[in-house]
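So the structure is just underneath, and the comments pick up after that.
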Amino acid sequence: MPEQRVAIVTGAGSGIGRSCALDLAGRGFAVVVSDVDTDGGEESVKLIEKEGGTASFRRADCSSPEESEALVSFATDTYGRLDAAVNNAGIGGEAATTGEYPIDSWKKVIDVNLSGVFYGMRYQIPAMIDGGGGRIVNMASILGSVGFATACAYVSAKHGVVGLTKTAAQEYASAGILVNAVGPGFIETPLLENADLDDATRGMLVQLHPIGRLGQPQEVAALVGWLCDESPDFLTGDYLPIDGGYLTR
């Protein structure tokens, strides 16, 4: 009987991350759920176990290289290997024009949304090399491809995630590590809820998606799970939008 595959999902205490963790567990992965939100992370583990899956929670701040390293060590110590990683943790940051953007918010968004992905891969990749290969999915955004007024830090970080993904894919294809980025449109998650949008703004966002609605976390998770589990070995270094047609405009 083959050894159970193991995946790490960051930001898995809610939203897209939780849906990714549930999807991967349903595909037979043992999932290391990570988040700074302990209650949310532990709830994700309970949901996975309720469905008969295997999961453990490890609190980690992805913007800390030391905690990112410890997270990978926890996965390999607990389950003996690392086959997949979903670097999903992210924050929205302040809404302000570039000439007025708060410096502290810029630093925090870059630390979490871009440096956090780098720190994750920095320690995930050696563990995957030890195991003979693996698959990494980095959570970018449609804003990894286009701009969005009042979101200079978020847009910059997500563009950086796409470039980082392409670079790592080049470097580690020969080691059997596939690295791809996913670009969700606007998705019904706590991140969007916390933005406290008025009805007019929300309606404007819906209209930007030709499909006529915002996305659901499980729709993004289905793509992420496929990339970690079933996608062809020839697929690496790509940026795959899942955006209800947003980028067709």
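Identifiers in the structure tokens: chain A, B, ... in order shown; residue index from 1 per chain; ligand index from 1 in order shown.
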
Residues near stretch 89-92 of chain A, anyone? I mean within 8 Å using only C-alpha atoms, not counting same-chain ones fewer than 5 positions away, as a PyMOL selection string. chain A and resi 10-12+17+35+62+109+112-113+116+139+154+191

Write the residues you've just listed into a file as a PDB file, in the first residue's frame, and include N, CA and C atoms for each of them.
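Result saved to selection_22.pdb:
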ATOM      1  N   THR A  10      -1.211  26.875   4.142  1.00  0.00           N
ATOM      2  CA  THR A  10      -1.144  28.037   5.030  1.00  0.00           C
ATOM      3  C   THR A  10      -2.418  28.865   4.887  1.00  0.00           C
ATOM      4  N   GLY A  11      -2.731  29.603   5.935  1.00  0.00           N
ATOM      5  CA  GLY A  11      -3.965  30.382   5.925  1.00  0.00           C
ATOM      6  C   GLY A  11      -5.191  29.497   5.825  1.00  0.00           C
ATOM      7  N   ALA A  12      -5.119  28.321   6.447  1.00  0.00           N
ATOM      8  CA  ALA A  12      -6.166  27.304   6.287  1.00  0.00           C
ATOM      9  C   ALA A  12      -7.230  27.360   7.367  1.00  0.00           C
ATOM     10  N   GLY A  17      -8.263  28.916   2.040  1.00  0.00           N
ATOM     11  CA  GLY A  17      -7.327  27.977   2.654  1.00  0.00           C
ATOM     12  C   GLY A  17      -8.035  26.792   3.278  1.00  0.00           C
ATOM     13  N   ASP A  35      -2.172  28.390  10.339  1.00  0.00           N
ATOM     14  CA  ASP A  35      -2.786  29.710  10.361  1.00  0.00           C
ATOM     15  C   ASP A  35      -2.293  30.417  11.615  1.00  0.00           C
ATOM     16  N   CYS A  62       3.359  33.032   8.541  1.00  0.00           N
ATOM     17  CA  CYS A  62       4.130  32.824   7.317  1.00  0.00           C
ATOM     18  C   CYS A  62       5.139  33.932   7.067  1.00  0.00           C
ATOM     19  N   VAL A 109       1.772  43.984   4.239  1.00  0.00           N
ATOM     20  CA  VAL A 109       1.233  43.232   3.087  1.00  0.00           C
ATOM     21  C   VAL A 109       2.349  42.516   2.344  1.00  0.00           C
ATOM     22  N   VAL A 112       3.629  39.459   4.444  1.00  0.00           N
ATOM     23  CA  VAL A 112       2.737  38.291   4.474  1.00  0.00           C
ATOM     24  C   VAL A 112       2.531  37.722   3.076  1.00  0.00           C
ATOM     25  N   ASN A 113       2.140  38.565   2.124  1.00  0.00           N
ATOM     26  CA  ASN A 113       1.678  38.072   0.820  1.00  0.00           C
ATOM     27  C   ASN A 113       2.788  37.698  -0.144  1.00  0.00           C
ATOM     28  N   GLY A 116       6.065  35.855   2.664  1.00  0.00           N
ATOM     29  CA  GLY A 116       5.524  34.628   3.234  1.00  0.00           C
ATOM     30  C   GLY A 116       5.541  33.468   2.250  1.00  0.00           C
ATOM     31  N   MET A 139      -0.791  31.050  -3.971  1.00  0.00           N
ATOM     32  CA  MET A 139      -2.028  31.786  -4.190  1.00  0.00           C
ATOM     33  C   MET A 139      -1.710  33.208  -4.610  1.00  0.00           C
ATOM     34  N   TYR A 154      -1.053  45.208  -2.248  1.00  0.00           N
ATOM     35  CA  TYR A 154      -1.601  43.898  -2.590  1.00  0.00           C
ATOM     36  C   TYR A 154      -1.263  43.521  -4.033  1.00  0.00           C
ATOM     37  N   LEU A 191     -11.948  37.545   4.036  1.00  0.00           N
ATOM     38  CA  LEU A 191     -11.123  38.670   3.603  1.00  0.00           C
ATOM     39  C   LEU A 191     -11.981  39.716   2.901  1.00  0.00           C
TER      40      LEU A 191
END

Run DSSP on the backbone of this structure and report the residues of stretch 90-240 of chain A it assigns to strand (DSSP E), as a PyMOL selection string. chain A and resi 134-139+177-184+239-240

Nearest candidate to A:Gly237 (options A:Glu171, A:Glu100, A:Glu69, A:Asp130; using only C-alpha atoms): A:Glu171

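Taking atom CA of A:Phe118 as the reference point, atom CA of A:Ala169 is found at 12.8 Å.
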
With the cut-off set at 6 Å and counting only C-alpha atoms, tabulate each residue of stretch 59-93 of chain A with an atom at most that distance from an atom of stretch 131-137 of chain A, showing the nearest atom pair and its distance in Å to one decimal, ordered by chain and increasing number, as JSON lines.
{"residue": "A:Asp83", "atom": "CA", "partner": "A:Gly134", "partner_atom": "CA", "distance": 4.6}
{"residue": "A:Ala84", "atom": "CA", "partner": "A:Arg135", "partner_atom": "CA", "distance": 4.7}
{"residue": "A:Ala85", "atom": "CA", "partner": "A:Ile136", "partner_atom": "CA", "distance": 4.8}
{"residue": "A:Val86", "atom": "CA", "partner": "A:Val137", "partner_atom": "CA", "distance": 4.8}

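The nearest approach to A:Gly160 among the residues A:Phe148, A:Ala140, A:Cys20, A:Tyr119, with only C-alpha atoms taken into account, belongs to A:Ala140.
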
If you run DSSP on the backbone, which residues of stretch 132-166 of chain A are alpha helix (DSSP H), as an NGL selection string? :A and (152-166)

Could you save the residues just selected, with N, CA and C atoms, as an mmCIF file, in the first residue's frame?
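Saved result, selection.cif, follows:
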data_model
loop_
_atom_site.group_PDB
_atom_site.id
_atom_site.type_symbol
_atom_site.label_atom_id
_atom_site.label_comp_id
_atom_site.auth_asym_id
_atom_site.auth_seq_id
_atom_site.Cartn_x
_atom_site.Cartn_y
_atom_site.Cartn_z
ATOM 1 N N CYS A 152 -2.167 49.224 -3.994
ATOM 2 C CA CYS A 152 -0.814 49.117 -4.557
ATOM 3 C C CYS A 152 0.009 48.026 -3.886
ATOM 4 N N ALA A 153 -0.102 47.857 -2.570
ATOM 5 C CA ALA A 153 0.695 46.844 -1.884
ATOM 6 C C ALA A 153 0.243 45.440 -2.266
ATOM 7 N N TYR A 154 -1.053 45.208 -2.248
ATOM 8 C CA TYR A 154 -1.601 43.898 -2.590
ATOM 9 C C TYR A 154 -1.263 43.521 -4.033
ATOM 10 N N VAL A 155 -1.467 44.466 -4.950
ATOM 11 C CA VAL A 155 -1.166 44.224 -6.364
ATOM 12 C C VAL A 155 0.317 43.925 -6.561
ATOM 13 N N SER A 156 1.171 44.698 -5.909
ATOM 14 C CA SER A 156 2.617 44.475 -6.042
ATOM 15 C C SER A 156 3.011 43.110 -5.506
ATOM 16 N N ALA A 157 2.467 42.738 -4.356
ATOM 17 C CA ALA A 157 2.798 41.440 -3.770
ATOM 18 C C ALA A 157 2.349 40.299 -4.667
ATOM 19 N N LYS A 158 1.141 40.402 -5.214
ATOM 20 C CA LYS A 158 0.617 39.302 -6.028
ATOM 21 C C LYS A 158 1.331 39.200 -7.376
ATOM 22 N N HIS A 159 1.736 40.334 -7.953
ATOM 23 C CA HIS A 159 2.594 40.272 -9.143
ATOM 24 C C HIS A 159 3.908 39.573 -8.791
ATOM 25 N N GLY A 160 4.439 39.889 -7.609
ATOM 26 C CA GLY A 160 5.674 39.248 -7.169
ATOM 27 C C GLY A 160 5.523 37.753 -6.996
ATOM 28 N N VAL A 161 4.380 37.318 -6.488
ATOM 29 C CA VAL A 161 4.137 35.884 -6.323
ATOM 30 C C VAL A 161 4.191 35.172 -7.672
ATOM 31 N N VAL A 162 3.636 35.789 -8.701
ATOM 32 C CA VAL A 162 3.667 35.171 -10.032
ATOM 33 C C VAL A 162 5.108 35.050 -10.529
ATOM 34 N N GLY A 163 5.901 36.093 -10.355
ATOM 35 C CA GLY A 163 7.296 36.030 -10.783
ATOM 36 C C GLY A 163 8.106 35.028 -9.988
ATOM 37 N N LEU A 164 7.878 34.980 -8.704
ATOM 38 C CA LEU A 164 8.563 34.015 -7.841
ATOM 39 C C LEU A 164 8.217 32.590 -8.243
ATOM 40 N N THR A 165 6.956 32.367 -8.562
ATOM 41 C CA THR A 165 6.499 31.045 -9.003
ATOM 42 C C THR A 165 7.225 30.618 -10.271
ATOM 43 N N LYS A 166 7.297 31.501 -11.240
ATOM 44 C CA LYS A 166 7.948 31.170 -12.510
ATOM 45 C C LYS A 166 9.434 30.854 -12.302
#

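In this comparison, which uses only C-alpha atoms, the residue of A:Thr54, A:Ser141, A:Ala149, A:Ala70 approaching A:Gly99 most closely is A:Ala149.
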
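Going from atom CA of A:Asn180 to atom CA of A:Val224 covers 9.4 Å.
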
Please identify all polymer residues within 10 Å of A:Ser68, counting only C-alpha atoms, omitting same-chain residues fewer than 3 positions from it, and present them as a list in words. Thr10, Ser34, Arg59, Ala60, Asp61, Cys62, Ser63, Ser64, Pro65, Leu71, Val72, Ser73, Phe74, Gly116, Val117, Phe118, Tyr119, Gly120, Met121, Arg122, Tyr123 and Gln124 of chain A

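Shortest atom-to-atom contact with A:Ala181 among A:Tyr239, A:Tyr246, A:Phe57, A:Tyr79: A:Tyr239, counting only C-alpha atoms.
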
Which residues come within 10 Å of A:Gly203, counting only C-alpha atoms, excluding same-chain residues fewer than 5 positions away, as an NGL selection string? :A and (197-198 or 208 or 212-214)

Can you write just those residues out, N, CA, C and O atoms, as an mmCIF file, in the first residue's frame?
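So result-v6.cif came out as:
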data_model
loop_
_atom_site.group_PDB
_atom_site.id
_atom_site.type_symbol
_atom_site.label_atom_id
_atom_site.label_comp_id
_atom_site.auth_asym_id
_atom_site.auth_seq_id
_atom_site.Cartn_x
_atom_site.Cartn_y
_atom_site.Cartn_z
ATOM 1 N N LEU A 197 -17.712 46.187 2.348
ATOM 2 C CA LEU A 197 -18.121 46.886 1.135
ATOM 3 C C LEU A 197 -19.576 47.321 1.210
ATOM 4 O O LEU A 197 -20.427 46.583 1.710
ATOM 5 N N ASP A 198 -19.867 48.506 0.690
ATOM 6 C CA ASP A 198 -21.269 48.907 0.593
ATOM 7 C C ASP A 198 -21.892 48.208 -0.623
ATOM 8 O O ASP A 198 -21.205 47.613 -1.456
ATOM 9 N N LEU A 208 -17.868 43.199 -12.707
ATOM 10 C CA LEU A 208 -16.560 42.995 -13.337
ATOM 11 C C LEU A 208 -16.315 41.540 -13.712
ATOM 12 O O LEU A 208 -15.371 41.224 -14.432
ATOM 13 N N GLY A 212 -21.273 36.851 -13.747
ATOM 14 C CA GLY A 212 -22.404 37.459 -13.067
ATOM 15 C C GLY A 212 -22.485 37.238 -11.569
ATOM 16 O O GLY A 212 -23.525 37.508 -10.962
ATOM 17 N N ARG A 213 -21.410 36.804 -10.967
ATOM 18 C CA ARG A 213 -21.385 36.595 -9.516
ATOM 19 C C ARG A 213 -19.948 36.561 -9.044
ATOM 20 O O ARG A 213 -19.019 36.484 -9.859
ATOM 21 N N LEU A 214 -19.770 36.575 -7.718
ATOM 22 C CA LEU A 214 -18.458 36.364 -7.141
ATOM 23 C C LEU A 214 -18.216 34.860 -7.004
ATOM 24 O O LEU A 214 -19.144 34.053 -7.047
#

Can you list, as a PyMOL selection string, every protein, DNA or RNA residue that comes within 12 Å of A:Leu22 when you count only C-alpha atoms, leaving out same-chain residues fewer than 6 positions away? chain A and resi 7-9+12-16+28-33+41+43-55+217-218+220-222+224-225

Requested write-out: N, CA, C and O atoms of the selected residues, as a compact mmCIF listing (two decimals), in the first residue's frame:
# COMPACT_ATOMS: atom_id res chain seq x y z
N ALA A 7 0.42 17.17 2.75
CA ALA A 7 0.34 18.54 2.23
C ALA A 7 0.31 19.54 3.37
O ALA A 7 -0.25 19.28 4.44
N ILE A 8 0.90 20.70 3.13
CA ILE A 8 0.79 21.87 4.01
C ILE A 8 -0.12 22.88 3.33
O ILE A 8 0.02 23.14 2.12
N VAL A 9 -1.04 23.47 4.08
CA VAL A 9 -1.84 24.59 3.58
C VAL A 9 -1.74 25.73 4.57
O VAL A 9 -2.13 25.57 5.74
N ALA A 12 -5.12 28.32 6.45
CA ALA A 12 -6.17 27.30 6.29
C ALA A 12 -7.23 27.36 7.37
O ALA A 12 -8.04 26.45 7.49
N GLY A 13 -7.26 28.45 8.14
CA GLY A 13 -8.25 28.58 9.19
C GLY A 13 -9.59 29.10 8.73
O GLY A 13 -10.55 29.11 9.50
N SER A 14 -9.69 29.50 7.46
CA SER A 14 -10.95 30.02 6.94
C SER A 14 -10.83 30.16 5.43
O SER A 14 -9.75 29.95 4.85
N GLY A 15 -11.93 30.51 4.78
CA GLY A 15 -11.93 30.91 3.39
C GLY A 15 -11.35 29.90 2.42
O GLY A 15 -11.58 28.69 2.52
N ILE A 16 -10.57 30.41 1.48
CA ILE A 16 -9.98 29.56 0.44
C ILE A 16 -9.06 28.53 1.05
O ILE A 16 -9.05 27.37 0.63
N GLY A 28 -7.14 12.29 -0.15
CA GLY A 28 -6.30 11.31 0.53
C GLY A 28 -5.03 11.84 1.15
O GLY A 28 -4.24 11.08 1.70
N PHE A 29 -4.81 13.15 1.08
CA PHE A 29 -3.63 13.73 1.70
C PHE A 29 -3.83 13.83 3.21
O PHE A 29 -4.93 14.12 3.69
N ALA A 30 -2.75 13.63 3.96
CA ALA A 30 -2.70 14.09 5.35
C ALA A 30 -2.35 15.57 5.28
O ALA A 30 -1.36 15.95 4.66
N VAL A 31 -3.16 16.41 5.91
CA VAL A 31 -3.02 17.85 5.74
C VAL A 31 -2.54 18.51 7.02
O VAL A 31 -3.14 18.32 8.09
N VAL A 32 -1.46 19.28 6.91
CA VAL A 32 -1.01 20.13 8.00
C VAL A 32 -1.67 21.49 7.79
O VAL A 32 -1.35 22.20 6.83
N VAL A 33 -2.62 21.80 8.64
CA VAL A 33 -3.36 23.05 8.60
C VAL A 33 -2.57 24.10 9.37
O VAL A 33 -2.24 23.91 10.54
N GLY A 41 -7.98 27.40 12.70
CA GLY A 41 -7.20 26.25 12.25
C GLY A 41 -7.66 24.96 12.88
O GLY A 41 -7.79 23.93 12.19
N GLU A 43 -10.61 24.36 14.02
CA GLU A 43 -11.93 24.05 13.47
C GLU A 43 -11.79 23.38 12.10
O GLU A 43 -12.54 22.45 11.78
N SER A 44 -10.83 23.83 11.29
CA SER A 44 -10.59 23.19 9.99
C SER A 44 -10.19 21.73 10.17
O SER A 44 -10.64 20.85 9.42
N VAL A 45 -9.34 21.46 11.16
CA VAL A 45 -8.94 20.08 11.44
C VAL A 45 -10.15 19.24 11.81
O VAL A 45 -10.33 18.11 11.34
N LYS A 46 -11.02 19.79 12.65
CA LYS A 46 -12.23 19.05 13.06
C LYS A 46 -13.11 18.74 11.86
O LYS A 46 -13.68 17.64 11.75
N LEU A 47 -13.25 19.70 10.95
CA LEU A 47 -14.07 19.48 9.76
C LEU A 47 -13.48 18.38 8.88
O LEU A 47 -14.21 17.55 8.33
N ILE A 48 -12.15 18.36 8.76
CA ILE A 48 -11.49 17.31 7.98
C ILE A 48 -11.69 15.95 8.64
O ILE A 48 -12.05 14.96 7.97
N GLU A 49 -11.49 15.88 9.94
CA GLU A 49 -11.63 14.61 10.65
C GLU A 49 -13.08 14.12 10.63
O GLU A 49 -13.33 12.91 10.56
N LYS A 50 -14.02 15.05 10.64
CA LYS A 50 -15.44 14.68 10.57
C LYS A 50 -15.75 13.96 9.26
O LYS A 50 -16.62 13.08 9.20
N GLU A 51 -15.01 14.32 8.21
CA GLU A 51 -15.19 13.69 6.90
C GLU A 51 -14.31 12.45 6.72
O GLU A 51 -14.24 11.89 5.63
N GLY A 52 -13.62 12.06 7.79
CA GLY A 52 -12.79 10.87 7.73
C GLY A 52 -11.37 11.10 7.27
O GLY A 52 -10.63 10.14 7.02
N GLY A 53 -10.96 12.35 7.17
CA GLY A 53 -9.61 12.67 6.72
C GLY A 53 -8.62 12.76 7.86
O GLY A 53 -8.97 12.67 9.04
N THR A 54 -7.36 12.98 7.49
CA THR A 54 -6.26 13.09 8.45
C THR A 54 -5.71 14.51 8.40
O THR A 54 -5.38 15.01 7.34
N ALA A 55 -5.60 15.14 9.58
CA ALA A 55 -5.09 16.51 9.62
C ALA A 55 -4.52 16.82 10.99
O ALA A 55 -4.89 16.22 11.99
N PRO A 217 -15.14 29.74 -2.39
CA PRO A 217 -13.85 29.16 -2.02
C PRO A 217 -13.64 27.75 -2.56
O PRO A 217 -12.53 27.40 -2.98
N GLN A 218 -14.68 26.94 -2.56
CA GLN A 218 -14.53 25.56 -3.01
C GLN A 218 -14.22 25.46 -4.51
O GLN A 218 -13.64 24.48 -4.96
N VAL A 220 -12.17 27.58 -6.10
CA VAL A 220 -10.71 27.76 -6.16
C VAL A 220 -10.02 26.50 -5.64
O VAL A 220 -9.04 26.03 -6.22
N ALA A 221 -10.55 25.92 -4.57
CA ALA A 221 -9.96 24.72 -3.98
C ALA A 221 -9.94 23.56 -4.96
O ALA A 221 -9.01 22.74 -4.96
N ALA A 222 -10.96 23.46 -5.80
CA ALA A 222 -11.00 22.37 -6.78
C ALA A 222 -9.82 22.48 -7.76
O ALA A 222 -9.22 21.46 -8.14
N VAL A 224 -6.92 24.10 -7.10
CA VAL A 224 -5.70 23.87 -6.32
C VAL A 224 -5.51 22.37 -6.07
O VAL A 224 -4.40 21.84 -6.23
N GLY A 225 -6.58 21.67 -5.70
CA GLY A 225 -6.48 20.24 -5.46
C GLY A 225 -6.05 19.48 -6.70
O GLY A 225 -5.23 18.55 -6.63
